[in-house]
$ cat my_file_3.cif   # mmCIF, C-alpha atoms, pLDDT in the B column; chains and numbers go by the auth columns
data_data
#
loop_
_atom_site.group_PDB
_atom_site.id
_atom_site.type_symbol
_atom_site.label_atom_id
_atom_site.label_comp_id
_atom_site.label_asym_id
_atom_site.label_seq_id
_atom_site.Cartn_x
_atom_site.Cartn_y
_atom_site.Cartn_z
_atom_site.B_iso_or_equiv
_atom_site.auth_seq_id
_atom_site.auth_asym_id
ATOM 1 C CA MET A 1 17.613 21.115 -16.198 93.00 772 O
ATOM 2 C CA ASN A 2 16.925 19.438 -12.863 95.00 773 O
ATOM 3 C CA LEU A 3 14.453 19.154 -9.992 97.00 774 O
ATOM 4 C CA ARG A 4 14.886 18.516 -6.287 96.00 775 O
ATOM 5 C CA ILE A 5 13.274 15.115 -5.752 96.00 776 O
ATOM 6 C CA THR A 6 12.269 13.372 -2.532 96.00 777 O
ATOM 7 C CA GLU A 7 11.362 10.071 -4.172 96.00 778 O
ATOM 8 C CA ILE A 8 10.298 8.373 -7.392 97.00 779 O
ATOM 9 C CA PHE A 9 8.299 5.169 -7.051 96.00 780 O
ATOM 10 C CA LEU A 10 5.745 2.879 -8.658 96.00 781 O
ATOM 11 C CA SER A 11 2.556 2.123 -6.756 94.00 782 O
ATOM 12 C CA ILE A 12 -1.224 2.128 -6.965 93.00 783 O
ATOM 13 C CA GLN A 13 -2.953 5.488 -7.284 92.00 784 O
ATOM 14 C CA GLY A 14 -4.597 5.952 -3.901 90.00 785 O
ATOM 15 C CA GLU A 15 -6.924 8.890 -4.512 88.00 786 O
ATOM 16 C CA SER A 16 -9.014 10.790 -7.065 90.00 787 O
ATOM 17 C CA SER A 17 -11.125 9.218 -9.823 90.00 788 O
ATOM 18 C CA HIS A 18 -7.931 7.379 -10.843 92.00 789 O
ATOM 19 C CA ALA A 19 -7.780 5.399 -7.573 91.00 790 O
ATOM 20 C CA GLY A 20 -6.690 1.811 -8.054 93.00 791 O
ATOM 21 C CA ARG A 21 -4.715 2.409 -11.242 95.00 792 O
ATOM 22 C CA PRO A 22 -0.991 1.588 -11.388 97.00 793 O
ATOM 23 C CA CYS A 23 0.835 4.907 -11.246 97.00 794 O
ATOM 24 C CA ALA A 24 4.401 6.194 -11.207 97.00 795 O
ATOM 25 C CA PHE A 25 4.953 9.017 -8.725 97.00 796 O
ATOM 26 C CA VAL A 26 7.505 11.818 -8.933 97.00 797 O
ATOM 27 C CA ARG A 27 7.497 13.495 -5.518 96.00 798 O
ATOM 28 C CA LEU A 28 9.209 16.873 -5.432 97.00 799 O
ATOM 29 C CA THR A 29 10.827 18.362 -2.335 96.00 800 O
ATOM 30 C CA GLY A 30 9.601 21.519 -0.624 92.00 801 O
ATOM 31 C CA CYS A 31 6.275 23.106 0.266 91.00 802 O
ATOM 32 C CA PRO A 32 5.326 26.693 1.194 83.00 803 O
ATOM 33 C CA MET A 33 2.343 25.511 3.257 85.00 804 O
ATOM 34 C CA ARG A 34 2.167 23.821 6.657 85.00 805 O
ATOM 35 C CA CYS A 35 -1.181 22.062 6.884 86.00 806 O
ATOM 36 C CA ALA A 36 -2.021 20.794 10.357 85.00 807 O
ATOM 37 C CA TRP A 37 -2.853 17.312 9.083 81.00 808 O
ATOM 38 C CA CYS A 38 0.032 17.000 6.581 82.00 809 O
ATOM 39 C CA ASP A 39 1.148 13.399 6.028 78.00 810 O
ATOM 40 C CA SER A 40 4.211 14.224 3.935 79.00 811 O
ATOM 41 C CA GLU A 41 6.321 16.440 6.174 81.00 812 O
ATOM 42 C CA TYR A 42 9.355 14.418 5.139 84.00 813 O
ATOM 43 C CA THR A 43 9.201 16.281 1.813 84.00 814 O
ATOM 44 C CA PHE A 44 9.744 19.737 3.321 87.00 815 O
ATOM 45 C CA THR A 45 13.542 19.545 3.266 86.00 816 O
ATOM 46 C CA GLY A 46 16.338 17.441 1.812 90.00 817 O
ATOM 47 C CA GLY A 47 15.797 15.652 -1.434 90.00 818 O
ATOM 48 C CA THR A 48 18.241 15.022 -4.267 93.00 819 O
ATOM 49 C CA ARG A 49 18.734 17.100 -7.394 97.00 820 O
ATOM 50 C CA LEU A 50 18.103 14.915 -10.422 97.00 821 O
ATOM 51 C CA SER A 51 18.340 15.837 -14.069 97.00 822 O
ATOM 52 C CA PHE A 52 15.312 15.469 -16.284 97.00 823 O
ATOM 53 C CA GLU A 53 17.165 12.667 -18.067 96.00 824 O
ATOM 54 C CA ASP A 54 17.656 10.701 -14.841 97.00 825 O
ATOM 55 C CA ILE A 55 14.007 11.099 -13.879 97.00 826 O
ATOM 56 C CA PHE A 56 12.799 9.947 -17.293 97.00 827 O
ATOM 57 C CA ALA A 57 15.112 6.942 -17.164 96.00 828 O
ATOM 58 C CA GLN A 58 13.488 5.781 -13.917 96.00 829 O
ATOM 59 C CA LEU A 59 9.991 6.374 -15.238 97.00 830 O
ATOM 60 C CA LYS A 60 10.626 4.417 -18.412 94.00 831 O
ATOM 61 C CA ASP A 61 12.000 1.507 -16.366 96.00 832 O
ATOM 62 C CA PHE A 62 8.629 1.311 -14.571 96.00 833 O
ATOM 63 C CA GLY A 63 6.767 0.809 -17.833 94.00 834 O
ATOM 64 C CA CYS A 64 3.735 2.688 -16.488 97.00 835 O
ATOM 65 C CA ASN A 65 2.000 5.307 -18.622 96.00 836 O
ATOM 66 C CA LEU A 66 0.217 7.095 -15.754 98.00 837 O
ATOM 67 C CA VAL A 67 2.523 9.543 -13.949 98.00 838 O
ATOM 68 C CA GLU A 68 1.662 11.822 -11.056 98.00 839 O
ATOM 69 C CA VAL A 69 3.811 14.829 -10.173 98.00 840 O
ATOM 70 C CA THR A 70 3.284 15.557 -6.493 95.00 841 O
ATOM 71 C CA GLY A 71 5.004 16.874 -3.370 92.00 842 O
ATOM 72 C CA GLY A 72 5.217 18.718 -1.094 89.00 843 O
ATOM 73 C CA GLU A 73 4.061 21.339 -3.509 94.00 844 O
ATOM 74 C CA PRO A 74 5.376 20.424 -6.953 95.00 845 O
ATOM 75 C CA LEU A 75 4.530 23.761 -8.571 97.00 846 O
ATOM 76 C CA ALA A 76 6.816 25.607 -6.155 95.00 847 O
ATOM 77 C CA GLN A 77 9.822 24.561 -8.275 96.00 848 O
ATOM 78 C CA LYS A 78 9.914 26.614 -11.492 96.00 849 O
ATOM 79 C CA ASN A 79 11.590 23.848 -13.480 97.00 850 O
ATOM 80 C CA VAL A 80 8.558 21.645 -12.981 98.00 851 O
ATOM 81 C CA PHE A 81 6.641 23.422 -15.754 98.00 852 O
ATOM 82 C CA PRO A 82 8.964 22.418 -18.622 98.00 853 O
ATOM 83 C CA PHE A 83 9.269 18.970 -17.012 98.00 854 O
ATOM 84 C CA ILE A 84 5.478 18.539 -17.146 98.00 855 O
ATOM 85 C CA SER A 85 5.496 19.558 -20.802 98.00 856 O
ATOM 86 C CA LEU A 86 8.199 16.989 -21.567 97.00 857 O
ATOM 87 C CA LEU A 87 6.149 14.278 -19.843 98.00 858 O
ATOM 88 C CA CYS A 88 3.228 15.187 -22.074 98.00 859 O
ATOM 89 C CA ASP A 89 5.483 15.209 -25.142 97.00 860 O
ATOM 90 C CA GLU A 90 6.464 11.622 -24.277 96.00 861 O
ATOM 91 C CA ASP A 91 2.763 10.658 -24.263 96.00 862 O
ATOM 92 C CA PHE A 92 2.541 9.981 -20.540 97.00 863 O
ATOM 93 C CA GLU A 93 -0.857 10.547 -18.945 98.00 864 O
ATOM 94 C CA VAL A 94 0.071 13.222 -16.428 98.00 865 O
ATOM 95 C CA LEU A 95 -1.615 14.082 -13.129 98.00 866 O
ATOM 96 C CA ILE A 96 -0.567 17.136 -11.124 98.00 867 O
ATOM 97 C CA GLU A 97 -1.417 17.033 -7.406 96.00 868 O
ATOM 98 C CA THR A 98 -1.185 20.633 -6.199 96.00 869 O
ATOM 99 C CA GLY A 99 -2.092 22.236 -2.899 92.00 870 O
ATOM 100 C CA GLY A 100 -3.699 25.251 -4.488 87.00 871 O
ATOM 101 C CA TYR A 101 -1.354 27.933 -3.132 90.00 872 O
ATOM 102 C CA VAL A 102 0.701 28.270 -6.329 94.00 873 O
ATOM 103 C CA SER A 103 -0.929 29.418 -9.564 96.00 874 O
ATOM 104 C CA THR A 104 -1.664 26.692 -12.106 96.00 875 O
ATOM 105 C CA ASP A 105 -1.636 29.074 -15.075 95.00 876 O
ATOM 106 C CA LYS A 106 1.730 27.807 -16.392 96.00 877 O
ATOM 107 C CA VAL A 107 0.846 24.096 -16.267 97.00 878 O
ATOM 108 C CA ASP A 108 0.755 22.455 -19.686 97.00 879 O
ATOM 109 C CA GLU A 109 -2.886 22.123 -20.726 96.00 880 O
ATOM 110 C CA ARG A 110 -2.344 18.464 -21.612 97.00 881 O
ATOM 111 C CA ALA A 111 -1.784 17.599 -17.937 98.00 882 O
ATOM 112 C CA LYS A 112 -4.666 16.927 -15.553 98.00 883 O
ATOM 113 C CA ILE A 113 -4.898 19.047 -12.416 97.00 884 O
ATOM 114 C CA ILE A 114 -5.994 17.637 -9.050 97.00 885 O
ATOM 115 C CA LEU A 115 -6.432 20.824 -7.022 97.00 886 O
ATOM 116 C CA ASP A 116 -6.422 20.535 -3.219 96.00 887 O
ATOM 117 C CA VAL A 117 -8.506 23.366 -1.740 96.00 888 O
ATOM 118 C CA LYS A 118 -7.450 23.939 1.847 95.00 889 O
ATOM 119 C CA CYS A 119 -10.255 23.815 4.436 95.00 890 O
ATOM 120 C CA PRO A 120 -10.202 25.615 7.833 95.00 891 O
ATOM 121 C CA ALA A 121 -8.869 22.672 9.875 92.00 892 O
ATOM 122 C CA SER A 122 -5.726 22.686 7.727 92.00 893 O
ATOM 123 C CA GLY A 123 -4.795 26.094 9.138 91.00 894 O
ATOM 124 C CA GLU A 124 -4.056 27.277 5.602 87.00 895 O
ATOM 125 C CA SER A 125 -7.474 28.119 4.133 90.00 896 O
ATOM 126 C CA GLU A 126 -6.618 31.830 3.972 88.00 897 O
ATOM 127 C CA ARG A 127 -3.813 31.063 1.514 91.00 898 O
ATOM 128 C CA ASN A 128 -5.875 29.375 -1.206 93.00 899 O
ATOM 129 C CA HIS A 129 -5.171 30.891 -4.628 95.00 900 O
ATOM 130 C CA TRP A 130 -8.807 31.173 -5.634 96.00 901 O
ATOM 131 C CA ALA A 131 -8.073 32.026 -9.270 96.00 902 O
ATOM 132 C CA ASN A 132 -7.008 28.386 -9.675 96.00 903 O
ATOM 133 C CA LEU A 133 -10.654 27.354 -9.318 96.00 904 O
ATOM 134 C CA GLU A 134 -11.590 29.565 -12.247 94.00 905 O
ATOM 135 C CA ARG A 135 -9.107 27.691 -14.449 94.00 906 O
ATOM 136 C CA LEU A 136 -10.514 24.222 -13.776 96.00 907 O
ATOM 137 C CA ARG A 137 -11.687 22.376 -16.897 94.00 908 O
ATOM 138 C CA ARG A 138 -14.996 20.548 -16.809 93.00 909 O
ATOM 139 C CA ASP A 139 -13.945 17.271 -18.410 92.00 910 O
ATOM 140 C CA VAL A 140 -10.309 17.180 -17.299 96.00 911 O
ATOM 141 C CA ASP A 141 -9.496 18.547 -13.843 97.00 912 O
ATOM 142 C CA GLU A 142 -10.537 17.518 -10.343 97.00 913 O
ATOM 143 C CA VAL A 143 -10.837 19.438 -7.097 97.00 914 O
ATOM 144 C CA LYS A 144 -10.232 17.915 -3.653 97.00 915 O
ATOM 145 C CA PHE A 145 -11.278 19.017 -0.182 97.00 916 O
ATOM 146 C CA VAL A 146 -9.425 17.299 2.673 95.00 917 O
ATOM 147 C CA ILE A 147 -11.802 17.470 5.626 94.00 918 O
ATOM 148 C CA ALA A 148 -11.269 16.849 9.317 93.00 919 O
ATOM 149 C CA ASP A 149 -14.804 17.570 10.535 92.00 920 O
ATOM 150 C CA LEU A 150 -18.237 18.796 9.526 93.00 921 O
ATOM 151 C CA ASN A 151 -17.088 22.417 9.696 94.00 922 O
ATOM 152 C CA ASP A 152 -14.678 21.609 6.877 95.00 923 O
ATOM 153 C CA TRP A 153 -17.534 19.941 5.016 96.00 924 O
ATOM 154 C CA GLU A 154 -19.606 23.129 5.275 96.00 925 O
ATOM 155 C CA PHE A 155 -16.644 25.126 3.950 97.00 926 O
ATOM 156 C CA ALA A 156 -16.366 22.695 1.034 97.00 927 O
ATOM 157 C CA ARG A 157 -20.088 22.847 0.337 96.00 928 O
ATOM 158 C CA GLU A 158 -20.063 26.643 0.301 97.00 929 O
ATOM 159 C CA THR A 159 -17.026 26.711 -1.991 97.00 930 O
ATOM 160 C CA ILE A 160 -18.645 24.225 -4.365 97.00 931 O
ATOM 161 C CA ALA A 161 -21.689 26.491 -4.619 96.00 932 O
ATOM 162 C CA LYS A 162 -19.746 29.760 -4.879 96.00 933 O
ATOM 163 C CA TYR A 163 -17.576 28.560 -7.772 96.00 934 O
ATOM 164 C CA ASP A 164 -20.224 26.319 -9.376 96.00 935 O
ATOM 165 C CA LEU A 165 -17.770 23.429 -9.166 97.00 936 O
ATOM 166 C CA GLN A 166 -20.365 20.811 -10.053 95.00 937 O
ATOM 167 C CA ASN A 167 -20.497 22.278 -13.540 94.00 938 O
ATOM 168 C CA CYS A 168 -16.874 23.259 -14.159 93.00 939 O
ATOM 169 C CA THR A 169 -14.773 20.308 -13.015 95.00 940 O
ATOM 170 C CA ARG A 170 -14.605 16.601 -13.836 94.00 941 O
ATOM 171 C CA GLU A 171 -14.810 15.415 -10.231 95.00 942 O
ATOM 172 C CA ILE A 172 -15.255 16.863 -6.743 97.00 943 O
ATOM 173 C CA LEU A 173 -13.402 14.782 -4.165 97.00 944 O
ATOM 174 C CA ILE A 174 -14.314 14.858 -0.469 96.00 945 O
ATOM 175 C CA SER A 175 -11.316 13.405 1.355 93.00 946 O
ATOM 176 C CA PRO A 176 -11.656 12.681 5.089 93.00 947 O
ATOM 177 C CA ILE A 177 -8.375 12.601 6.993 88.00 948 O
ATOM 178 C CA PHE A 178 -7.242 9.004 7.431 84.00 949 O
ATOM 179 C CA GLY A 179 -8.230 7.520 10.790 76.00 950 O
ATOM 180 C CA ILE A 180 -10.715 10.181 11.965 80.00 951 O
ATOM 181 C CA GLU A 181 -13.422 8.910 14.297 79.00 952 O
ATOM 182 C CA ASN A 182 -16.380 10.604 12.597 83.00 953 O
ATOM 183 C CA LEU A 183 -15.883 9.024 9.174 87.00 954 O
ATOM 184 C CA ALA A 184 -19.291 7.316 9.179 90.00 955 O
ATOM 185 C CA ARG A 185 -21.035 10.579 10.033 91.00 956 O
ATOM 186 C CA ILE A 186 -19.182 12.403 7.271 90.00 957 O
ATOM 187 C CA ALA A 187 -20.082 9.663 4.792 91.00 958 O
ATOM 188 C CA GLU A 188 -23.744 9.878 5.775 93.00 959 O
ATOM 189 C CA THR A 189 -23.707 13.671 5.471 93.00 960 O
ATOM 190 C CA VAL A 190 -22.108 13.504 2.035 92.00 961 O
ATOM 191 C CA SER A 191 -24.585 10.866 0.858 93.00 962 O
ATOM 192 C CA ARG A 192 -27.529 13.070 1.836 95.00 963 O
ATOM 193 C CA SER A 193 -26.107 16.288 0.407 94.00 964 O
ATOM 194 C CA GLY A 194 -27.555 15.910 -3.079 94.00 965 O
ATOM 195 C CA LEU A 195 -24.220 17.096 -4.484 96.00 966 O
ATOM 196 C CA LYS A 196 -22.312 15.428 -7.323 95.00 967 O
ATOM 197 C CA VAL A 197 -19.255 14.557 -5.262 96.00 968 O
ATOM 198 C CA ARG A 198 -17.100 11.499 -4.574 95.00 969 O
ATOM 199 C CA LEU A 199 -16.080 10.360 -1.074 93.00 970 O
ATOM 200 C CA ASN A 200 -12.351 9.963 -1.608 88.00 971 O
ATOM 201 C CA LEU A 201 -10.657 7.617 0.864 87.00 972 O
ATOM 202 C CA GLN A 202 -6.888 7.141 0.732 80.00 973 O
ATOM 203 C CA LEU A 203 -6.805 3.654 -0.743 81.00 974 O
ATOM 204 C CA HIS A 204 -3.047 3.203 -0.334 79.00 975 O
ATOM 205 C CA LYS A 205 -3.303 3.704 3.440 76.00 976 O
ATOM 206 C CA TYR A 206 -6.011 1.077 3.776 78.00 977 O
ATOM 207 C CA ILE A 207 -3.745 -1.330 1.880 79.00 978 O
ATOM 208 C CA TRP A 208 -0.341 -0.581 3.401 79.00 979 O
ATOM 209 C CA GLY A 209 -1.064 1.425 6.556 73.00 980 O
ATOM 210 C CA ALA A 210 -1.022 5.041 7.692 65.00 981 O
ATOM 211 C CA ASP A 211 2.722 5.569 7.352 65.00 982 O
ATOM 212 C CA VAL A 212 2.999 4.540 3.708 58.00 983 O
ATOM 213 C CA HIS A 213 4.252 7.200 1.312 54.00 984 O
ATOM 214 C CA GLY A 214 1.238 7.653 -0.910 49.00 985 O
ATOM 215 C CA VAL A 215 0.142 10.396 -3.232 49.00 986 O
#

$ encode --input "my_file_3.cif" --output "C-alpha cells"
Amino acid sequence: MNLRITEIFLSIQGESSHAGRPCAFVRLTGCPMRCAWCDSEYTFTGGTRLSFEDIFAQLKDFGCNLVEVTGGEPLAQKNVFPFISLLCDEDFEVLIETGGYVSTDKVDERAKIILDVKCPASGESERNHWANLERLRRDVDEVKFVIADLNDWEFARETIAKYDLQNCTREILISPIFGIENLARIAETVSRSGLKVRLNLQLHKYIWGADVHGV
C-alpha cells in the first residue's frame, strides 16, 4: 500500500500540548478545503507516492518516537487509516492533525486526534463535520480553533459551550493566525474568559520564520 506524500521531516512540534517536543512529521498531499489563511497550500497538489515500507524506513532513521500525520488533510486518503494502525502497532506515539471536514470514525483509537474546527474567517466553517466533536476523548484528544479576530473567538467560545468541550477533550487550543496585529488583545480576552483553554502560538514560526513548513 502507498500514500501520496508531500514531505517527511524531523523537527520540533510547534503546536498543541505537545509543543516543543521532537517530532517526526508525515505530511500527506491533498486537501478538500481552502481556508483563507492556509499556510500549507503547497500540499494541495503534487507529492510523491511512497510505499508504507519506504515511509517507515525514513521514520526509523529519525529515531523519534513521536510521529504526527498531517497535511493538507491526511484523512482524505483512504490508505491513511491502515497506515495509522501500523504506526501504532510499531509503538509510535501518533498524533493526527485533521481539519475536521473528514470523519474521524475510522482512525485507530490508539492515535491521538488534534481536531481543527474551522472558524468563520477561514471561509470553511459551514463544512465542519460536527459529529467529530462528539467522538473526542476526554484524556486523549485535543481540539483547535484557528482564529483571525474576536469574531472567530466568539464562534470558538460558543462551540466550546455547545459541545461541552471543557469536559470532553484533553485540551482546547486557541490558535491566533501568525503575525496578526491584534494578538495582545486576543491574549487578554482569552485570559479573562474563565475557560480552560490554552493560547496556542505556532512555536516553529517564531523559531524559523513564517515560511517554515511546520505542522

$ resolve_selection --input "my_file_3.cif" --expression "the PyMOL selection byres ((chain O and resi 926-943) around 7)" --output "ChimeraX atom specification"
/O:890,907-916,922-925,944-945,967-969

$ atom_distance --input "my_file_3.cif" --atom1 "atom CA of Asp862 of chain O" --atom2 "atom CA of Leu846 of chain O"
20.5 Å

$ atom_distance --input "my_file_3.cif" --atom1 "atom CA of Gly950 of chain O" --atom2 "atom CA of Leu972 of chain O"
10.2 Å

$ resolve_selection --input "my_file_3.cif" --expression "the PyMOL selection byres ((chain O and resi 827) around 12)" --output "number ranges by chain"
O: 773-774, 779, 795-797, 821-826, 828-836, 838, 854-855, 857-861, 863

$ closest_residue --input "my_file_3.cif" --among "O:Gly980, O:Gly818, O:Pro845, O:Pro853" --to "Glu868 of chain O" --atoms "all atoms listed in the file"
O:Pro845

$ resolve_selection --input "my_file_3.cif" --expression "the PyMOL selection byres ((chain O and resi 785) around 9)" --output "short mmCIF file (atom, residue, chain, number, x, y, z; two decimals) with C-alpha atoms, in the frame of the given file"
data_model
loop_
_atom_site.label_atom_id
_atom_site.label_comp_id
_atom_site.auth_asym_id
_atom_site.auth_seq_id
_atom_site.Cartn_x
_atom_site.Cartn_y
_atom_site.Cartn_z
CA SER O 782 2.56 2.12 -6.76
CA ILE O 783 -1.22 2.13 -6.96
CA GLN O 784 -2.95 5.49 -7.28
CA GLU O 786 -6.92 8.89 -4.51
CA SER O 787 -9.01 10.79 -7.06
CA HIS O 789 -7.93 7.38 -10.84
CA ALA O 790 -7.78 5.40 -7.57
CA GLY O 791 -6.69 1.81 -8.05
CA ARG O 792 -4.72 2.41 -11.24
CA LEU O 972 -10.66 7.62 0.86
CA GLN O 973 -6.89 7.14 0.73
CA LEU O 974 -6.80 3.65 -0.74
CA HIS O 975 -3.05 3.20 -0.33
CA LYS O 976 -3.30 3.70 3.44
CA GLY O 985 1.24 7.65 -0.91
CA VAL O 986 0.14 10.40 -3.23
#

$ residues_around --input "my_file_3.cif" --residues "Ala958 of chain O" --least-positions-apart "2" --cutoff "12 Å" --atoms "all atoms listed in the file" --output "PyMOL selection string"
chain O and resi 918+920-921+924+945-947+951-956+960-964+968-972
